[in-house]
file data-v4.txt (compact mmCIF, C-alpha atoms)
# COMPACT_ATOMS: atom_id res chain seq x y z
CA MET A 1 -23.86 0.20 -11.28
CA ILE A 2 -20.50 1.55 -10.14
CA LYS A 3 -19.56 0.12 -6.76
CA ARG A 4 -18.15 2.15 -3.88
CA ILE A 5 -14.68 1.81 -2.41
CA VAL A 6 -14.93 2.04 1.38
CA GLU A 7 -11.67 2.69 3.21
CA VAL A 8 -11.36 2.46 7.01
CA SER A 9 -8.10 3.87 8.39
CA ASN A 10 -8.87 4.40 12.10
CA PRO A 11 -9.61 2.02 15.01
CA SER A 12 -13.15 0.83 14.31
CA TYR A 13 -15.75 -1.84 14.92
CA LEU A 14 -17.34 -3.03 11.67
CA HIS A 15 -20.53 -5.05 11.79
CA LEU A 16 -23.69 -5.87 9.86
CA LYS A 17 -27.21 -4.59 10.47
CA ASN A 18 -30.13 -4.76 8.05
CA LYS A 19 -27.74 -5.67 5.22
CA GLN A 20 -25.71 -2.53 5.82
CA LEU A 21 -22.12 -2.03 6.90
CA LEU A 22 -22.00 -0.09 10.15
CA ILE A 23 -18.74 1.59 11.14
CA GLU A 24 -18.45 2.39 14.82
CA GLN A 25 -15.72 4.50 16.42
CA ASN A 26 -15.70 5.30 20.14
CA HIS A 27 -19.05 3.49 20.49
CA GLN A 28 -20.74 5.75 17.95
CA VAL A 29 -21.87 4.84 14.43
CA ILE A 30 -20.07 7.25 12.13
CA ALA A 31 -21.13 5.72 8.81
CA GLN A 32 -23.36 3.08 7.29
CA VAL A 33 -23.28 1.77 3.74
CA PRO A 34 -25.57 -0.73 1.99
CA ILE A 35 -23.56 -3.89 1.31
CA GLU A 36 -24.89 -4.06 -2.25
CA ASP A 37 -23.22 -0.71 -2.98
CA ILE A 38 -19.73 -1.86 -1.93
CA GLY A 39 -17.15 -3.02 -4.46
CA ALA A 40 -14.20 -3.15 -2.08
CA LEU A 41 -13.72 -2.66 1.65
CA ILE A 42 -10.17 -1.55 2.49
CA LEU A 43 -9.03 -2.04 6.10
CA GLU A 44 -5.77 -0.32 6.97
CA HIS A 45 -5.52 -0.13 10.74
CA SER A 46 -4.42 -2.87 13.12
CA ALA A 47 -7.19 -1.99 15.60
CA ILE A 48 -10.11 -2.74 13.30
CA ASN A 49 -12.56 -5.43 14.41
CA ILE A 50 -14.86 -6.98 11.81
CA THR A 51 -17.61 -9.53 12.37
CA GLN A 52 -18.06 -12.78 10.46
CA PRO A 53 -21.65 -12.00 9.34
CA LEU A 54 -20.36 -8.80 7.74
CA ILE A 55 -17.61 -10.70 5.94
CA ILE A 56 -20.06 -13.29 4.61
CA GLU A 57 -22.55 -10.66 3.46
CA CYS A 58 -19.79 -8.81 1.62
CA GLN A 59 -18.81 -12.04 -0.12
CA LYS A 60 -22.42 -12.75 -1.13
CA HIS A 61 -22.43 -9.40 -2.93
CA ASN A 62 -18.99 -9.96 -4.48
CA ALA A 63 -17.36 -7.20 -2.44
CA SER A 64 -13.65 -7.83 -1.92
CA ILE A 65 -12.18 -7.17 1.53
CA ILE A 66 -8.60 -5.86 1.45
CA PHE A 67 -6.30 -5.95 4.48
CA CYS A 68 -3.35 -3.53 4.63
CA ASP A 69 -0.02 -4.04 6.41
CA GLU A 70 1.90 -1.74 8.76
CA LYS A 71 3.06 0.32 5.77
CA HIS A 72 -0.57 0.94 4.80
CA LEU A 73 -0.11 -1.15 1.66
CA PRO A 74 -2.75 -3.73 0.63
CA TYR A 75 -1.42 -7.12 1.76
CA SER A 76 -4.20 -9.68 1.31
CA THR A 77 -7.65 -9.94 -0.24
CA ILE A 78 -10.72 -12.01 0.60
CA LEU A 79 -12.72 -12.96 -2.49
CA PRO A 80 -15.91 -15.00 -2.84
CA LEU A 81 -15.71 -18.37 -4.59
CA ALA A 82 -18.96 -20.15 -3.69
CA GLU A 83 -21.31 -17.73 -5.45
CA GLY A 84 -19.04 -15.92 -7.87
CA ASN A 85 -20.86 -17.33 -10.88
CA LYS A 86 -23.51 -20.00 -11.29
CA LEU A 87 -21.63 -21.58 -14.24
CA HIS A 88 -18.43 -21.74 -12.23
CA GLN A 89 -17.64 -25.41 -12.94
CA LYS A 90 -18.11 -25.14 -16.71
CA ILE A 91 -16.10 -21.93 -16.94
CA LEU A 92 -13.36 -23.32 -14.72
CA LYS A 93 -12.96 -26.37 -16.98
CA GLN A 94 -12.59 -24.11 -20.00
CA GLN A 95 -10.00 -22.05 -18.16
CA ILE A 96 -7.98 -25.11 -17.13
CA ASN A 97 -8.13 -26.73 -20.56
CA ILE A 98 -7.00 -23.86 -22.78
CA THR A 99 -4.38 -24.91 -25.30
CA GLU A 100 -0.83 -23.62 -25.30
CA PRO A 101 -1.33 -21.62 -28.54
CA VAL A 102 -4.36 -19.87 -27.01
CA ARG A 103 -2.47 -19.07 -23.81
CA LYS A 104 0.53 -17.71 -25.73
CA ASN A 105 -1.67 -15.64 -28.04
CA LEU A 106 -3.46 -14.09 -25.05
CA TRP A 107 -0.18 -13.29 -23.32
CA LYS A 108 1.14 -11.66 -26.50
CA GLN A 109 -1.88 -9.36 -26.57
CA VAL A 110 -1.61 -8.53 -22.87
CA ILE A 111 2.02 -7.47 -23.32
CA GLN A 112 1.23 -5.46 -26.44
CA HIS A 113 -1.46 -3.56 -24.55
CA LYS A 114 0.94 -2.97 -21.66
CA ILE A 115 3.79 -1.61 -23.79
CA THR A 116 1.37 0.55 -25.80
CA ASN A 117 0.04 2.07 -22.57
CA GLN A 118 3.60 2.65 -21.36
CA ALA A 119 4.30 4.50 -24.60
CA ASN A 120 1.12 6.56 -24.12
CA THR A 121 2.23 7.51 -20.60
CA LEU A 122 5.61 8.72 -21.88
CA LYS A 123 3.93 10.58 -24.72
CA ARG A 124 1.59 12.35 -22.29
CA PHE A 125 4.56 13.79 -20.41
CA ASP A 126 6.51 14.73 -23.56
CA LYS A 127 9.09 12.00 -23.13
CA PRO A 128 10.53 9.86 -25.96
CA PHE A 129 8.14 7.00 -26.66
CA MET A 130 8.70 5.78 -30.23
CA TYR A 131 11.01 2.95 -29.12
CA LEU A 132 8.20 1.45 -27.05
CA GLN A 133 5.80 1.62 -29.98
CA LYS A 134 8.38 -0.31 -32.00
CA LEU A 135 8.72 -2.94 -29.24
CA SER A 136 4.94 -3.33 -29.03
CA ASN A 137 4.82 -4.25 -32.71
CA GLU A 138 7.61 -6.80 -32.22
CA VAL A 139 5.94 -8.88 -29.49
CA LYS A 140 5.69 -12.52 -30.55
CA SER A 141 3.37 -15.27 -29.35
CA GLY A 142 4.10 -15.88 -25.65
CA ASP A 143 6.52 -12.90 -25.74
CA THR A 144 9.34 -15.37 -26.41
CA THR A 145 11.74 -12.53 -27.26
CA ASN A 146 10.98 -10.83 -23.92
CA ARG A 147 9.92 -7.46 -25.30
CA GLU A 148 8.20 -6.77 -21.96
CA SER A 149 11.56 -6.73 -20.17
CA LEU A 150 13.23 -4.54 -22.81
CA ALA A 151 10.33 -2.11 -22.61
CA ALA A 152 10.56 -1.93 -18.80
CA GLN A 153 14.29 -1.15 -18.88
CA TYR A 154 13.68 1.78 -21.19
CA TYR A 155 10.38 2.92 -19.71
CA TRP A 156 11.37 3.47 -16.07
CA ARG A 157 14.44 5.52 -16.96
CA ALA A 158 12.53 7.55 -19.53
CA LEU A 159 9.73 8.29 -17.05
CA PHE A 160 11.53 8.90 -13.73
CA GLY A 161 15.11 9.52 -14.85
CA LYS A 162 18.18 7.38 -15.55
CA ASP A 163 18.94 6.85 -11.85
CA PHE A 164 15.51 5.45 -11.01
CA VAL A 165 15.30 1.77 -9.99
CA ARG A 166 11.98 0.02 -9.61
CA ASP A 167 12.27 -1.59 -6.16
CA GLN A 168 9.19 -3.12 -4.52
CA ASN A 169 10.77 -2.76 -1.07
CA ALA A 170 11.79 0.89 -1.38
CA ASP A 171 9.99 3.95 -0.03
CA GLY A 172 9.02 7.13 -1.84
CA VAL A 173 7.60 6.80 -5.35
CA ASN A 174 8.19 3.02 -5.29
CA ALA A 175 5.89 2.72 -2.28
CA ILE A 176 3.09 4.69 -3.87
CA LEU A 177 3.44 2.61 -7.04
CA ASN A 178 2.98 -0.47 -4.86
CA TYR A 179 -0.16 1.00 -3.36
CA GLY A 180 -1.69 1.85 -6.73
CA TYR A 181 -0.87 -1.56 -8.18
CA ALA A 182 -2.41 -3.31 -5.18
CA ILE A 183 -5.68 -1.42 -5.66
CA ILE A 184 -5.83 -2.35 -9.36
CA ARG A 185 -4.90 -5.95 -8.53
CA ALA A 186 -7.76 -6.25 -6.07
CA MET A 187 -10.21 -4.77 -8.59
CA ILE A 188 -9.09 -7.24 -11.27
CA ALA A 189 -9.29 -10.16 -8.82
CA ARG A 190 -12.84 -9.17 -7.91
CA GLY A 191 -13.81 -9.15 -11.59
CA ILE A 192 -12.18 -12.55 -12.17
CA VAL A 193 -14.14 -14.22 -9.40
CA ALA A 194 -17.41 -12.54 -10.40
CA SER A 195 -17.00 -13.97 -13.91
CA GLY A 196 -16.62 -17.53 -12.65
CA LEU A 197 -12.91 -17.77 -13.42
CA HIS A 198 -10.30 -18.81 -10.86
CA PRO A 199 -7.74 -16.12 -9.96
CA ALA A 200 -4.94 -18.63 -9.23
CA ILE A 201 -4.81 -20.09 -12.75
CA GLY A 202 -2.73 -17.65 -14.74
CA LEU A 203 -1.69 -17.19 -18.34
CA PHE A 204 1.96 -16.44 -17.58
CA HIS A 205 2.38 -16.12 -13.81
CA HIS A 206 2.33 -19.56 -12.19
CA ASN A 207 3.88 -19.29 -8.72
CA GLN A 208 2.32 -22.06 -6.64
CA TYR A 209 2.23 -19.73 -3.62
CA ASN A 210 0.36 -16.96 -5.49
CA GLY A 211 -3.42 -17.19 -5.34
CA LEU A 212 -3.89 -14.29 -7.78
CA CYS A 213 -1.77 -15.31 -10.77
CA LEU A 214 -4.46 -14.45 -13.31
CA ALA A 215 -5.01 -11.06 -11.68
CA ASP A 216 -1.27 -10.39 -11.94
CA ASP A 217 -1.43 -11.27 -15.64
CA LEU A 218 -4.49 -9.23 -16.53
CA MET A 219 -3.49 -6.11 -14.59
CA GLU A 220 -0.27 -5.60 -16.58
CA PRO A 221 -1.75 -3.20 -19.18
CA LEU A 222 -3.30 -1.10 -16.39
CA ARG A 223 -0.02 -0.56 -14.52
CA PRO A 224 0.93 2.46 -16.71
CA TRP A 225 -2.28 4.18 -15.55
CA VAL A 226 -0.99 3.90 -11.98
CA ASP A 227 2.42 5.13 -13.16
CA ASN A 228 0.71 8.13 -14.70
CA VAL A 229 -0.76 9.15 -11.35
CA ALA A 230 2.46 8.38 -9.46
CA TYR A 231 4.53 10.51 -11.82
CA GLN A 232 2.28 13.54 -11.37
CA LEU A 233 2.34 13.17 -7.58
CA HIS A 234 6.13 12.79 -7.63
CA GLN A 235 6.48 15.94 -9.70
CA GLU A 236 4.57 17.82 -7.03
CA ASN A 237 6.61 16.33 -4.18
CA ALA A 238 9.93 14.53 -4.74
CA ASN A 239 9.88 13.23 -1.15
CA ILE A 240 6.44 11.75 -1.47
CA SER A 241 5.12 9.16 0.98
CA ILE A 242 1.82 7.37 1.48
CA THR A 243 -0.81 9.64 3.01
CA GLN A 244 -4.57 9.85 2.72
CA GLU A 245 -4.18 12.67 0.22
CA VAL A 246 -1.82 10.57 -1.91
CA LYS A 247 -4.06 7.49 -1.83
CA THR A 248 -7.16 9.30 -3.07
CA PRO A 249 -6.22 9.63 -6.78
CA PHE A 250 -5.37 5.91 -6.93
CA LEU A 251 -8.74 5.01 -5.44
CA ASN A 252 -10.39 7.38 -7.90
CA LEU A 253 -8.88 5.42 -10.80
CA ILE A 254 -11.44 2.68 -10.24
CA SER A 255 -14.38 4.99 -10.92
CA GLU A 256 -12.67 6.97 -13.69
CA ASN A 257 -14.47 6.91 -17.04
CA VAL A 258 -12.77 4.87 -19.77
CA LYS A 259 -13.65 3.77 -23.28
CA PHE A 260 -14.40 0.11 -23.92
CA LYS A 261 -15.33 -0.82 -27.50
CA ASN A 262 -16.51 2.75 -28.17
CA LYS A 263 -18.64 2.91 -25.01
CA GLN A 264 -17.90 5.16 -22.04
CA MET A 265 -18.06 3.53 -18.61
CA PRO A 266 -16.26 3.49 -15.23
CA LEU A 267 -13.07 1.41 -15.16
CA MET A 268 -14.57 -1.01 -12.62
CA VAL A 269 -17.48 -1.72 -14.96
CA SER A 270 -15.19 -2.19 -17.96
CA ILE A 271 -13.38 -4.97 -16.11
CA ASN A 272 -16.55 -7.08 -16.29
CA TYR A 273 -16.49 -6.73 -20.08
CA LEU A 274 -12.78 -7.57 -20.13
CA MET A 275 -13.52 -10.83 -18.29
CA ALA A 276 -16.30 -11.66 -20.75
CA ASP A 277 -13.78 -11.15 -23.57
CA LEU A 278 -11.32 -13.47 -21.83
CA LYS A 279 -13.94 -16.19 -21.37
CA ARG A 280 -14.79 -16.04 -25.08
CA ASN A 281 -11.15 -16.84 -25.77
CA PHE A 282 -11.24 -19.76 -23.34
CA ALA A 283 -14.41 -21.04 -25.06
CA LYS A 284 -12.73 -20.64 -28.49
CA GLU A 285 -15.34 -18.10 -29.55
CA SER A 286 -12.77 -15.32 -30.01
CA LYS A 287 -9.04 -14.86 -30.52
CA THR A 288 -8.69 -11.30 -29.28
CA ILE A 289 -8.88 -9.58 -25.91
CA VAL A 290 -9.85 -5.92 -25.66
CA TYR A 291 -8.71 -3.60 -22.87
CA PRO A 292 -10.29 -0.31 -21.84
CA LYS A 293 -8.71 2.89 -23.12
CA LYS A 294 -8.51 6.37 -21.68
call {"tool": "encode", "arguments": {"input": "data-v4.txt", "output": "structure tokens"}}
result
Amino acid sequence: MIKRIVEVSNPSYLHLKNKQLLIEQNHQVIAQVPIEDIGALILEHSAINITQPLIIECQKHNASIIFCDEKHLPYSTILPLAEGNKLHQKILKQQINITEPVRKNLWKQVIQHKITNQANTLKRFDKPFMYLQKLSNEVKSGDTTNRESLAAQYYWRALFGKDFVRDQNADGVNAILNYGYAIIRAMIARGIVASGLHPAIGLFHHNQYNGLCLADDLMEPLRPWVDNVAYQLHQENANISITQEVKTPFLNLISENVKFKNKQMPLMVSINYLMADLKRNFAKESKTIVYPKK
């Protein structure tokens, strides 16, 4: 079942009643949603109060809770660990004990998928893309020749123009890219935990202060899908900024239909299959990882 994304952007009191999320504003209940229907709860106002029983119930149903900062960008995520998967210990051992060749082979495939999707994004907007297809075919185990970086240098200029610089601290299109990536990151993190894997143990990313290294790894091939949306919005408004209208298409990405191994399903559902693929690699039952396609 596709889960709902619930976003609260006004001063509110959020609490639990009869296993439902109740949203109160000005002492009136304006909405109620069954907890089992929620995939992510996004809180983006500093005057939101949320009760502990609601938080715990969300975690029991594997619903991630996302807190936004003063720029309305997702800043932190609460994810369940205790009940993410009943085989958590066994799966975690497999994740920790993967060999270096397995890790490097997985990272190679992740980068190939990413560069291929970047090429597809350029192709969609009638921009030169053949160079990226060539780079995708040149990726080696562990991406030791850093084809990901070469692809990025070409890709951003080809998509947004030669003067564009990808800056995580900038406003405008950079800010909306940040927002879209954060939504995808939270969705991936939710899928990781639900599968019994640990989000801090990455394939490539290994910052000791980053609790979502694996999510940062696995989301890489989905970034071009965010770029696709951001480019279209930027074409409509060169001075774009984060508004409710702008956020909607990024939130809709999660429920958008994709193809996974010749089956049509929402993106959020396909992430569960992606995690199953990853675990088969950790268990040495497979050597390939399949990503959803549009």
call {"tool": "residues_around", "arguments": {"input": "data-v4.txt", "residues": "segment 173-178 of chain A", "least_positions_apart": "3", "cutoff": "7 Å", "atoms": "all atoms listed in the file", "output": "list of chain:residue names"}}
result
A:Arg166, A:Asp167, A:Gln168, A:Ala170, A:Tyr181, A:Ala182, A:Val226, A:Asp227, A:Ala230, A:His234, A:Ile240, A:Ser241, A:Ile242
call {"tool": "closest_residue", "arguments": {"input": "data-v4.txt", "among": "A:Ser195, A:Thr144, A:Gln235, A:Ser149", "to": "Gly161 of chain A", "atoms": "only C-alpha atoms"}}
result
A:Gln235
call {"tool": "residues_near_point", "arguments": {"input": "data-v4.txt", "point": "(-31.6, -3.3, 5.7)", "cutoff": "10 Å", "atoms": "all atoms listed in the file", "output": "list in words"}}
result
Leu16, Lys17, Asn18, Lys19, Gln20, Leu21, Val33, Pro34 and Ile35 of chain A
call {"tool": "residues_around", "arguments": {"input": "data-v4.txt", "residues": "Gln94 of chain A", "least_positions_apart": "4", "cutoff": "8 Å", "atoms": "only C-alpha atoms", "output": "list in words"}}
result
Lys90, Ile98, Phe282 and Ala283 of chain A
call {"tool": "atom_distance", "arguments": {"input": "data-v4.txt", "atom1": "atom CA of Asn97 of chain A", "atom2": "atom CA of His205 of chain A"}}
result
16.4 Å
call {"tool": "residues_around", "arguments": {"input": "data-v4.txt", "residues": "Ile30 of chain A", "least_positions_apart": "5", "cutoff": "12 Å", "atoms": "all atoms listed in the file", "output": "JSON, numbers by chain"}}
result
{"A": [8, 10, 12, 13, 14, 21, 22, 23, 24, 25]}
call {"tool": "closest_residue", "arguments": {"input": "data-v4.txt", "among": "A:Tyr273, A:Phe260, A:Tyr179, A:Tyr291", "to": "Lys247 of chain A", "atoms": "only C-alpha atoms"}}
result
A:Tyr179
call {"tool": "closest_residue", "arguments": {"input": "data-v4.txt", "among": "A:Arg103, A:Leu54, A:Tyr155, A:Gly142", "to": "Met130 of chain A", "atoms": "all atoms listed in the file"}}
result
A:Tyr155
call {"tool": "closest_residue", "arguments": {"input": "data-v4.txt", "among": "A:Glu44, A:Gln264, A:Gln52, A:Asn26", "to": "Gln244 of chain A", "atoms": "all atoms listed in the file"}}
result
A:Glu44
call {"tool": "residues_around", "arguments": {"input": "data-v4.txt", "residues": "segment 39-42 of chain A", "least_positions_apart": "3", "cutoff": "8 Å", "atoms": "only C-alpha atoms", "output": "JSON, numbers by chain"}}
result
{"A": [3, 4, 5, 6, 7, 8, 62, 63, 64, 65, 66, 67, 68, 74, 187]}
call {"tool": "decode", "arguments": {"input": "data-v4.txt", "residues": "segment 201-237 of chain A", "atoms": "N, CA and C atoms", "output": "PDB file, in the first residue's frame"}}
result
ATOM      1  N   ILE A 201      25.652   2.814   8.133  1.00  0.00           N
ATOM      2  CA  ILE A 201      26.746   2.008   7.578  1.00  0.00           C
ATOM      3  C   ILE A 201      26.669   2.066   6.060  1.00  0.00           C
ATOM      4  N   GLY A 202      27.481   2.930   5.473  1.00  0.00           N
ATOM      5  CA  GLY A 202      27.395   3.184   4.046  1.00  0.00           C
ATOM      6  C   GLY A 202      28.279   2.310   3.196  1.00  0.00           C
ATOM      7  N   LEU A 203      28.115   2.444   1.886  1.00  0.00           N
ATOM      8  CA  LEU A 203      28.981   1.781   0.915  1.00  0.00           C
ATOM      9  C   LEU A 203      30.175   2.658   0.586  1.00  0.00           C
ATOM     10  N   PHE A 204      29.926   3.944   0.436  1.00  0.00           N
ATOM     11  CA  PHE A 204      30.971   4.912   0.075  1.00  0.00           C
ATOM     12  C   PHE A 204      31.064   6.021   1.114  1.00  0.00           C
ATOM     13  N   HIS A 205      29.933   6.653   1.438  1.00  0.00           N
ATOM     14  CA  HIS A 205      29.934   7.691   2.460  1.00  0.00           C
ATOM     15  C   HIS A 205      30.234   7.071   3.826  1.00  0.00           C
ATOM     16  N   HIS A 206      31.113   7.700   4.602  1.00  0.00           N
ATOM     17  CA  HIS A 206      31.495   7.131   5.890  1.00  0.00           C
ATOM     18  C   HIS A 206      31.819   8.201   6.933  1.00  0.00           C
ATOM     19  N   ASN A 207      31.213   9.363   6.815  1.00  0.00           N
ATOM     20  CA  ASN A 207      31.407  10.414   7.810  1.00  0.00           C
ATOM     21  C   ASN A 207      30.873   9.954   9.162  1.00  0.00           C
ATOM     22  N   GLN A 208      31.722   9.986  10.187  1.00  0.00           N
ATOM     23  CA  GLN A 208      31.309   9.485  11.501  1.00  0.00           C
ATOM     24  C   GLN A 208      30.178  10.311  12.117  1.00  0.00           C
ATOM     25  N   TYR A 209      29.965  11.520  11.615  1.00  0.00           N
ATOM     26  CA  TYR A 209      28.909  12.373  12.153  1.00  0.00           C
ATOM     27  C   TYR A 209      27.612  12.273  11.343  1.00  0.00           C
ATOM     28  N   ASN A 210      27.596  11.415  10.331  1.00  0.00           N
ATOM     29  CA  ASN A 210      26.429  11.269   9.461  1.00  0.00           C
ATOM     30  C   ASN A 210      25.722   9.961   9.786  1.00  0.00           C
ATOM     31  N   GLY A 211      24.507  10.054  10.294  1.00  0.00           N
ATOM     32  CA  GLY A 211      23.751   8.860  10.638  1.00  0.00           C
ATOM     33  C   GLY A 211      23.014   8.243   9.471  1.00  0.00           C
ATOM     34  N   LEU A 212      23.120   8.829   8.275  1.00  0.00           N
ATOM     35  CA  LEU A 212      22.386   8.330   7.113  1.00  0.00           C
ATOM     36  C   LEU A 212      23.318   8.091   5.920  1.00  0.00           C
ATOM     37  N   CYS A 213      24.493   7.559   6.193  1.00  0.00           N
ATOM     38  CA  CYS A 213      25.470   7.340   5.116  1.00  0.00           C
ATOM     39  C   CYS A 213      24.924   6.429   4.023  1.00  0.00           C
ATOM     40  N   LEU A 214      24.268   5.347   4.410  1.00  0.00           N
ATOM     41  CA  LEU A 214      23.751   4.424   3.402  1.00  0.00           C
ATOM     42  C   LEU A 214      22.646   5.078   2.578  1.00  0.00           C
ATOM     43  N   ALA A 215      21.825   5.900   3.223  1.00  0.00           N
ATOM     44  CA  ALA A 215      20.787   6.625   2.482  1.00  0.00           C
ATOM     45  C   ALA A 215      21.424   7.568   1.465  1.00  0.00           C
ATOM     46  N   ASP A 216      22.515   8.232   1.860  1.00  0.00           N
ATOM     47  CA  ASP A 216      23.206   9.138   0.937  1.00  0.00           C
ATOM     48  C   ASP A 216      23.789   8.379  -0.248  1.00  0.00           C
ATOM     49  N   ASP A 217      24.238   7.139   0.003  1.00  0.00           N
ATOM     50  CA  ASP A 217      24.751   6.316  -1.092  1.00  0.00           C
ATOM     51  C   ASP A 217      23.628   5.924  -2.051  1.00  0.00           C
ATOM     52  N   LEU A 218      22.581   5.346  -1.489  1.00  0.00           N
ATOM     53  CA  LEU A 218      21.544   4.732  -2.315  1.00  0.00           C
ATOM     54  C   LEU A 218      20.675   5.746  -3.045  1.00  0.00           C
ATOM     55  N   MET A 219      20.623   6.982  -2.559  1.00  0.00           N
ATOM     56  CA  MET A 219      19.784   7.988  -3.216  1.00  0.00           C
ATOM     57  C   MET A 219      20.435   8.588  -4.459  1.00  0.00           C
ATOM     58  N   GLU A 220      21.723   8.360  -4.657  1.00  0.00           N
ATOM     59  CA  GLU A 220      22.446   9.010  -5.754  1.00  0.00           C
ATOM     60  C   GLU A 220      21.767   8.853  -7.116  1.00  0.00           C
ATOM     61  N   PRO A 221      21.338   7.643  -7.505  1.00  0.00           N
ATOM     62  CA  PRO A 221      20.695   7.523  -8.827  1.00  0.00           C
ATOM     63  C   PRO A 221      19.341   8.213  -8.932  1.00  0.00           C
ATOM     64  N   LEU A 222      18.741   8.576  -7.788  1.00  0.00           N
ATOM     65  CA  LEU A 222      17.436   9.237  -7.827  1.00  0.00           C
ATOM     66  C   LEU A 222      17.554  10.760  -7.841  1.00  0.00           C
ATOM     67  N   ARG A 223      18.744  11.280  -7.613  1.00  0.00           N
ATOM     68  CA  ARG A 223      18.935  12.733  -7.645  1.00  0.00           C
ATOM     69  C   ARG A 223      18.520  13.340  -8.991  1.00  0.00           C
ATOM     70  N   PRO A 224      18.870  12.720 -10.137  1.00  0.00           N
ATOM     71  CA  PRO A 224      18.465  13.320 -11.419  1.00  0.00           C
ATOM     72  C   PRO A 224      16.958  13.459 -11.572  1.00  0.00           C
ATOM     73  N   TRP A 225      16.164  12.641 -10.869  1.00  0.00           N
ATOM     74  CA  TRP A 225      14.717  12.791 -10.932  1.00  0.00           C
ATOM     75  C   TRP A 225      14.290  14.086 -10.249  1.00  0.00           C
ATOM     76  N   VAL A 226      14.982  14.436  -9.172  1.00  0.00           N
ATOM     77  CA  VAL A 226      14.746  15.724  -8.510  1.00  0.00           C
ATOM     78  C   VAL A 226      15.186  16.857  -9.431  1.00  0.00           C
ATOM     79  N   ASP A 227      16.348  16.685 -10.071  1.00  0.00           N
ATOM     80  CA  ASP A 227      16.865  17.697 -10.992  1.00  0.00           C
ATOM     81  C   ASP A 227      15.873  17.960 -12.119  1.00  0.00           C
ATOM     82  N   ASN A 228      15.239  16.903 -12.571  1.00  0.00           N
ATOM     83  CA  ASN A 228      14.252  17.000 -13.641  1.00  0.00           C
ATOM     84  C   ASN A 228      13.128  17.961 -13.255  1.00  0.00           C
ATOM     85  N   VAL A 229      12.609  17.769 -12.046  1.00  0.00           N
ATOM     86  CA  VAL A 229      11.533  18.634 -11.552  1.00  0.00           C
ATOM     87  C   VAL A 229      12.041  20.061 -11.358  1.00  0.00           C
ATOM     88  N   ALA A 230      13.229  20.187 -10.752  1.00  0.00           N
ATOM     89  CA  ALA A 230      13.787  21.513 -10.477  1.00  0.00           C
ATOM     90  C   ALA A 230      14.019  22.296 -11.764  1.00  0.00           C
ATOM     91  N   TYR A 231      14.482  21.614 -12.793  1.00  0.00           N
ATOM     92  CA  TYR A 231      14.735  22.299 -14.066  1.00  0.00           C
ATOM     93  C   TYR A 231      13.436  22.854 -14.657  1.00  0.00           C
ATOM     94  N   GLN A 232      12.394  22.057 -14.631  1.00  0.00           N
ATOM     95  CA  GLN A 232      11.110  22.523 -15.178  1.00  0.00           C
ATOM     96  C   GLN A 232      10.563  23.710 -14.397  1.00  0.00           C
ATOM     97  N   LEU A 233      10.680  23.657 -13.070  1.00  0.00           N
ATOM     98  CA  LEU A 233      10.218  24.778 -12.249  1.00  0.00           C
ATOM     99  C   LEU A 233      11.046  26.025 -12.504  1.00  0.00           C
ATOM    100  N   HIS A 234      12.354  25.839 -12.701  1.00  0.00           N
ATOM    101  CA  HIS A 234      13.249  26.977 -12.956  1.00  0.00           C
ATOM    102  C   HIS A 234      12.961  27.601 -14.311  1.00  0.00           C
ATOM    103  N   GLN A 235      12.572  26.787 -15.270  1.00  0.00           N
ATOM    104  CA  GLN A 235      12.224  27.313 -16.589  1.00  0.00           C
ATOM    105  C   GLN A 235      10.981  28.196 -16.519  1.00  0.00           C
ATOM    106  N   GLU A 236      10.087  27.842 -15.609  1.00  0.00           N
ATOM    107  CA  GLU A 236       8.865  28.629 -15.439  1.00  0.00           C
ATOM    108  C   GLU A 236       9.113  29.915 -14.656  1.00  0.00           C
ATOM    109  N   ASN A 237      10.110  29.884 -13.768  1.00  0.00           N
ATOM    110  CA  ASN A 237      10.401  31.042 -12.922  1.00  0.00           C
ATOM    111  C   ASN A 237      11.878  31.050 -12.556  1.00  0.00           C
TER     112      ASN A 237
END
